[in-house]
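K.L.:
So here's input-v2.pdb, just PDB, C-alpha atoms:
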```
ATOM      1  CA  MET A 236      -8.431 -19.933   6.689
ATOM      2  CA  VAL A 237      -5.143 -21.669   7.497
ATOM      3  CA  GLN A 238      -1.981 -19.670   6.944
ATOM      4  CA  SER A 239       1.464 -21.198   6.754
ATOM      5  CA  THR A 240       4.038 -20.191   9.334
ATOM      6  CA  GLN A 241       6.358 -19.403   6.396
ATOM      7  CA  HIS A 242       5.872 -16.293   4.301
ATOM      8  CA  PRO A 243       4.865 -16.962   0.680
ATOM      9  CA  PRO A 244       7.031 -15.479  -2.111
ATOM     10  CA  HIS A 245       6.855 -11.708  -2.419
ATOM     11  CA  ILE A 246       5.478 -11.969  -5.952
ATOM     12  CA  VAL A 247       2.498 -13.891  -4.560
ATOM     13  CA  VAL A 248       1.823 -11.248  -1.887
ATOM     14  CA  SER A 249       2.155  -8.511  -4.509
ATOM     15  CA  ARG A 250      -0.725 -10.030  -6.496
ATOM     16  CA  LEU A 251      -3.137 -10.263  -3.550
ATOM     17  CA  PRO A 252      -4.055  -6.532  -3.636
ATOM     18  CA  LEU A 253      -4.889  -6.951  -7.346
ATOM     19  CA  TYR A 254      -7.269  -9.776  -6.496
ATOM     20  CA  LEU A 255      -8.794  -7.737  -3.682
ATOM     21  CA  ARG A 256      -9.318  -4.685  -5.887
ATOM     22  CA  CYS A 257     -10.961  -6.757  -8.607
ATOM     23  CA  LEU A 258     -13.233  -8.493  -6.100
ATOM     24  CA  MET A 259     -14.280  -5.166  -4.575
ATOM     25  CA  TYR A 260     -15.268  -3.871  -8.020
ATOM     26  CA  MET A 261     -17.205  -7.075  -8.622
ATOM     27  CA  ALA A 262     -18.988  -6.759  -5.270
ATOM     28  CA  ALA A 263     -19.930  -3.163  -6.102
ATOM     29  CA  GLU A 264     -21.444  -4.439  -9.359
ATOM     30  CA  GLY A 265     -23.542  -6.954  -7.450
ATOM     31  CA  HIS A 266     -21.555 -10.132  -8.044
ATOM     32  CA  LYS A 267     -22.075 -12.732  -5.317
ATOM     33  CA  VAL A 268     -19.957 -15.581  -6.690
ATOM     34  CA  THR A 269     -16.936 -15.712  -8.984
ATOM     35  CA  SER A 270     -14.417 -18.234 -10.251
ATOM     36  CA  SER A 271     -10.679 -18.321 -10.872
ATOM     37  CA  LYS A 272     -11.506 -18.322 -14.596
ATOM     38  CA  GLU A 273     -13.542 -15.130 -14.327
ATOM     39  CA  LEU A 274     -10.868 -13.447 -12.195
ATOM     40  CA  ALA A 275      -8.231 -14.546 -14.709
ATOM     41  CA  GLU A 276     -10.151 -12.942 -17.575
ATOM     42  CA  LYS A 277     -10.444  -9.658 -15.682
ATOM     43  CA  LEU A 278      -6.825  -9.564 -14.479
ATOM     44  CA  GLY A 279      -4.861 -11.131 -17.316
ATOM     45  CA  ILE A 280      -3.438 -13.739 -14.924
ATOM     46  CA  SER A 281      -3.919 -17.462 -15.490
ATOM     47  CA  SER A 282      -6.622 -19.168 -13.446
ATOM     48  CA  ALA A 283      -4.058 -21.775 -12.355
ATOM     49  CA  GLN A 284      -1.818 -19.007 -10.988
ATOM     50  CA  ILE A 285      -4.702 -17.454  -9.055
ATOM     51  CA  ARG A 286      -5.620 -20.801  -7.498
ATOM     52  CA  LYS A 287      -1.971 -21.473  -6.644
ATOM     53  CA  ASP A 288      -1.540 -18.022  -5.068
ATOM     54  CA  LEU A 289      -4.636 -18.396  -2.891
ATOM     55  CA  SER A 290      -3.639 -21.918  -1.855
ATOM     56  CA  HIS A 291      -0.738 -20.437   0.127
ATOM     57  CA  PHE A 292      -3.320 -19.106   2.571
ATOM     58  CA  GLY A 293      -5.968 -21.811   2.697
ATOM     59  CA  GLU A 294      -8.978 -23.120   0.791
ATOM     60  CA  PHE A 295     -11.430 -20.398  -0.190
ATOM     61  CA  GLY A 296     -13.534 -21.911  -2.960
ATOM     62  CA  LYS A 297     -15.354 -25.096  -3.806
ATOM     63  CA  GLN A 298     -14.980 -26.980  -7.056
ATOM     64  CA  GLY A 299     -18.041 -26.391  -9.192
ATOM     65  CA  THR A 300     -19.326 -23.450  -7.144
ATOM     66  CA  GLY A 301     -16.356 -21.029  -7.193
ATOM     67  CA  TYR A 302     -15.625 -18.322  -4.650
ATOM     68  CA  ASP A 303     -18.056 -16.387  -2.490
ATOM     69  CA  VAL A 304     -17.041 -12.817  -3.367
ATOM     70  CA  ALA A 305     -17.842 -11.237   0.019
ATOM     71  CA  HIS A 306     -16.093 -14.031   1.923
ATOM     72  CA  LEU A 307     -12.971 -13.872  -0.250
ATOM     73  CA  ILE A 308     -12.813 -10.090   0.175
ATOM     74  CA  GLU A 309     -12.999 -10.549   3.939
ATOM     75  CA  GLN A 310     -10.256 -13.182   3.901
ATOM     76  CA  LEU A 311      -7.919 -11.166   1.682
ATOM     77  CA  ARG A 312      -8.390  -8.093   3.866
ATOM     78  CA  SER A 313      -7.436 -10.189   6.868
ATOM     79  CA  ILE A 314      -4.368 -11.647   5.127
ATOM     80  CA  LEU A 315      -3.211  -8.167   4.083
ATOM     81  CA  HIS A 316      -4.105  -6.711   7.505
ATOM     82  CA  VAL A 317      -6.358  -4.072   5.968
ATOM     83  CA  GLU A 318      -9.505  -5.070   7.820
ATOM     84  CA  HIS A 319      -8.885  -1.890   9.816
ATOM     85  CA  GLU A 320      -7.714   1.598   8.801
ATOM     86  CA  TRP A 321      -3.977   2.357   8.806
ATOM     87  CA  PRO A 322      -2.874   5.935   9.608
ATOM     88  CA  VAL A 323      -0.025   7.047   7.349
ATOM     89  CA  VAL A 324       2.610   9.761   7.732
ATOM     90  CA  LEU A 325       3.267  11.862   4.628
ATOM     91  CA  VAL A 326       6.622  13.614   4.287
ATOM     92  CA  GLY A 327       6.588  16.222   1.545
ATOM     93  CA  ALA A 328       3.904  18.850   0.961
ATOM     94  CA  GLY A 329       4.469  19.418  -2.739
ATOM     95  CA  ASP A 330       2.133  18.739  -5.656
ATOM     96  CA  LEU A 331       2.429  14.968  -5.232
ATOM     97  CA  GLY A 332       1.774  15.210  -1.511
ATOM     98  CA  HIS A 333      -1.278  17.369  -2.133
ATOM     99  CA  ALA A 334      -2.642  14.812  -4.593
ATOM    100  CA  LEU A 335      -2.105  11.977  -2.126
ATOM    101  CA  VAL A 336      -3.894  13.786   0.692
ATOM    102  CA  HIS A 337      -6.933  14.216  -1.554
ATOM    103  CA  HIS A 338      -6.738  10.681  -2.987
ATOM    104  CA  THR A 339     -10.057   9.215  -1.831
ATOM    105  CA  THR A 340      -9.068   5.700  -2.942
ATOM    106  CA  LEU A 341      -6.624   5.500  -0.042
ATOM    107  CA  VAL A 342      -9.443   5.841   2.468
ATOM    108  CA  ASN A 343     -11.609   3.360   0.611
ATOM    109  CA  ARG A 344      -8.814   0.781   0.695
ATOM    110  CA  GLY A 345      -7.888   0.994   4.378
ATOM    111  CA  PHE A 346      -5.407   3.883   4.601
ATOM    112  CA  ARG A 347      -5.611   7.491   5.794
ATOM    113  CA  ILE A 348      -3.046  10.289   5.663
ATOM    114  CA  ALA A 349      -2.921  11.199   9.355
ATOM    115  CA  ALA A 350       0.005  13.655   9.483
ATOM    116  CA  ILE A 351       1.888  15.813   6.959
ATOM    117  CA  PHE A 352       5.431  17.113   7.409
ATOM    118  CA  ASP A 353       7.564  19.506   5.392
ATOM    119  CA  LYS A 354      10.663  21.630   5.934
ATOM    120  CA  ASN A 355       9.492  24.681   3.955
ATOM    121  CA  PRO A 356       8.562  27.492   6.409
ATOM    122  CA  ALA A 357       6.081  28.834   3.833
ATOM    123  CA  LYS A 358       4.108  25.584   3.979
ATOM    124  CA  ILE A 359       4.313  24.783   7.692
ATOM    125  CA  GLY A 360       1.029  25.727   9.333
ATOM    126  CA  LEU A 361      -1.037  25.562   6.157
ATOM    127  CA  GLN A 362      -4.184  23.465   6.344
ATOM    128  CA  TRP A 363      -4.901  20.717   3.828
ATOM    129  CA  GLY A 364      -8.373  19.409   4.461
ATOM    130  CA  THR A 365      -8.512  18.530   8.145
ATOM    131  CA  LEU A 366      -4.725  18.352   8.496
ATOM    132  CA  VAL A 367      -2.187  21.049   9.280
ATOM    133  CA  ILE A 368       1.274  20.748   7.715
ATOM    134  CA  GLN A 369       3.800  20.295  10.510
ATOM    135  CA  ASP A 370       7.515  21.023  10.786
ATOM    136  CA  VAL A 371       9.625  18.026   9.811
ATOM    137  CA  GLN A 372      11.712  18.735  12.904
ATOM    138  CA  ASP A 373       8.745  17.580  15.007
ATOM    139  CA  MET A 374       8.218  14.435  12.937
ATOM    140  CA  ALA A 375       9.972  11.880  15.144
ATOM    141  CA  GLN A 376       8.211  13.048  18.289
ATOM    142  CA  VAL A 377       4.772  12.918  16.650
ATOM    143  CA  ILE A 378       5.418   9.440  15.220
ATOM    144  CA  ARG A 379       6.437   8.115  18.627
ATOM    145  CA  GLU A 380       3.483   9.735  20.391
ATOM    146  CA  LYS A 381       0.919   8.499  17.856
ATOM    147  CA  GLY A 382       2.498   5.107  17.206
ATOM    148  CA  PHE A 383       2.511   5.526  13.428
ATOM    149  CA  ARG A 384       4.030   2.602  11.490
ATOM    150  CA  LEU A 385       3.627   3.579   7.834
ATOM    151  CA  ALA A 386       5.075   6.535   5.925
ATOM    152  CA  ILE A 387       5.094   7.936   2.400
ATOM    153  CA  LEU A 388       8.086   9.863   1.080
ATOM    154  CA  ALA A 389       7.243  12.506  -1.550
ATOM    155  CA  ILE A 390      10.491  14.469  -1.372
ATOM    156  CA  PRO A 391      13.588  15.041  -3.547
ATOM    157  CA  ALA A 392      15.920  12.070  -4.004
ATOM    158  CA  GLN A 393      18.854  13.723  -2.235
ATOM    159  CA  GLU A 394      16.842  14.006   0.984
ATOM    160  CA  ALA A 395      15.212  10.581   0.959
ATOM    161  CA  GLN A 396      17.815   8.490   2.794
ATOM    162  CA  GLN A 397      18.287  10.960   5.640
ATOM    163  CA  VAL A 398      14.549  11.335   6.161
ATOM    164  CA  ALA A 399      14.039   7.573   5.911
ATOM    165  CA  ASP A 400      16.664   7.053   8.619
ATOM    166  CA  ARG A 401      14.774   9.421  10.901
ATOM    167  CA  LEU A 402      11.480   7.677  10.161
ATOM    168  CA  VAL A 403      12.928   4.274  11.002
ATOM    169  CA  GLU A 404      14.523   5.574  14.188
ATOM    170  CA  ALA A 405      11.128   6.953  15.236
ATOM    171  CA  GLY A 406       9.441   3.567  14.747
ATOM    172  CA  ILE A 407       8.214   3.468  11.149
ATOM    173  CA  LYS A 408       8.135  -0.098   9.768
ATOM    174  CA  GLY A 409       6.970   0.489   6.196
ATOM    175  CA  ILE A 410       7.947   3.229   3.723
ATOM    176  CA  LEU A 411       6.404   3.923   0.325
ATOM    177  CA  ASN A 412       9.049   5.879  -1.548
ATOM    178  CA  TYR A 413       8.183   8.149  -4.460
ATOM    179  CA  ALA A 414      11.665   9.664  -4.549
ATOM    180  CA  PRO A 415      13.712   8.404  -7.535
ATOM    181  CA  THR A 416      16.398   6.745  -5.442
ATOM    182  CA  THR A 417      17.053   3.545  -3.532
ATOM    183  CA  ILE A 418      16.722   3.645   0.244
ATOM    184  CA  ILE A 419      18.799   1.417   2.505
ATOM    185  CA  ALA A 420      16.720   0.238   5.452
ATOM    186  CA  PRO A 421      17.505  -2.177   8.303
ATOM    187  CA  PRO A 422      15.954  -5.664   8.568
ATOM    188  CA  GLY A 423      12.341  -5.503   9.668
ATOM    189  CA  VAL A 424      11.581  -2.330   7.692
ATOM    190  CA  ARG A 425       9.838  -2.747   4.360
ATOM    191  CA  VAL A 426      10.466  -0.238   1.556
ATOM    192  CA  GLU A 427       8.371  -0.143  -1.635
ATOM    193  CA  TYR A 428       9.002   2.125  -4.611
ATOM    194  CA  LEU A 429       6.810   4.058  -7.052
ATOM    195  CA  ASP A 430       8.892   5.627  -9.813
ATOM    196  CA  PRO A 431       7.023   6.196 -13.114
ATOM    197  CA  VAL A 432      10.301   6.544 -15.045
ATOM    198  CA  ILE A 433      11.376   3.050 -13.986
ATOM    199  CA  GLN A 434       7.997   1.654 -15.058
ATOM    200  CA  LEU A 435       8.217   3.410 -18.418
ATOM    201  CA  GLN A 436      11.754   2.125 -18.989
ATOM    202  CA  ARG A 437      10.564  -1.421 -18.326
ATOM    203  CA  MET A 438       7.869  -0.949 -20.968
ATOM    204  CA  THR A 439      10.187   0.534 -23.586
ATOM    205  CA  TYR A 440      12.361  -2.593 -23.392
ATOM    206  CA  TYR A 441       9.427  -4.605 -24.759
ATOM    207  CA  ILE A 442       8.094  -2.061 -27.269
TER     208      ILE A 442
END
```
Let's see the structure in the file written out as C-alpha cells.
P.N.:
Amino acid sequence: MVQSTQHPPHIVVSRLPLYLRCLMYMAAEGHKVTSSKELAEKLGISSAQIRKDLSHFGEFGKQGTGYDVAHLIEQLRSILHVEHEWPVVLVGAGDLGHALVHHTTLVNRGFRIAAIFDKNPAKIGLQWGTLVIQDVQDMAQVIREKGFRLAILAIPAQEAQQVADRLVEAGIKGILNYAPTTIIAPPGVRVEYLDPVIQLQRMTYYI
C-alpha cells in the first residue's frame, strides 16, 4: 500500500468506512474475493467511484481477479487506523448515552466506551456494565491521565460548546457530537455530527 502525503478529499474518506463495513459482512458470509462491480451493487455507489476512491491509497486489486476480501479489510483498517481498539470518552449519561455504552457494534468495529461522565449527582457513581459514571468535574484529569483522544457528546445543545472546550483543553482530538448544535473547535481537532433531524430534513427536500 502506498499512501499519498496529501490527504484525499473528505468525501472519499467518509466512504471508506462504508466499504469496510460491507467487506466485513461479506467476509462473515464466507466471501474470499470481490470486485468493484459487486461492491457497487451492494452499496449503491458506482464501481468507477469505488476504484477511484481506493486509488488514492494504492493498488489493492488485480484486473480480472478483483479484490482479496481479507486483504482489503486489513488495508482499510490500517488506512482508517482502526487496526487497534480506540478507547472513547462519553459525556452524558442519559438514554442516548446508555444505548451507546451497550452498543456492541462499537466494540466490533474498533471502539470501546472507556469512561462515562455526567454532572447529575443522582447518576454519578452508578455502574453501567463494567463502568462507573464519573463526575464531569474530574473529566479533564482522567483524560490527561489515560491519554484519551476521542470523545462522544450526548448532552443538551446549550452545554455542548463549553464541554467541548474542556475536552479539547484536556487533549481530545476528535469529537462525535450528538447535540443539535455546531461546535467551534481549533485546528487539529476533528468534529463530526449525528443529528437525525438534519438527516430527515435533507430527505424531505427530495421527497
K.L.:
Quick one, how far is atom CA of A:Tyr260 from atom CA of A:Glu276?
P.N.:
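Atom-to-atom, atom CA of A:Tyr260 to atom CA of A:Glu276, that is 14.1 Å.
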K.L.:
In Å, rounded to a single decimal, give me how far atom CA of A:Leu307 is from atom CA of A:Arg256.
P.N.:
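We find that atom CA of A:Arg256 and atom CA of A:Leu307 lie 11.4 Å from each other.
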K.L.:
Counting only C-alpha atoms, which of A:Asp400, A:Val323, A:Pro421, A:Pro431 gets nearest to A:Lys381?
P.N.:
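Looking only at the distances to A:Lys381, the closest residue turns out to be A:Val323.
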K.L.:
Which neighbours of stretch 327-338 of chain A fall inside 12 Å, counting only C-alpha atoms, when residues of the same chain fewer than 2 positions from it are skipped, and could you give them as a PyMOL selection string?
P.N.:
chain A and resi 322-325+340-344+346-371+374+386-392+394-395+398+411-414+429
K.L.:
Which is closest to A:Tyr254 among A:Gln376, A:Gln396, A:Ser271, A:Gln434, if we use only C-alpha atoms?
P.N.:
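For A:Tyr254, the nearest of the given residues is A:Ser271.
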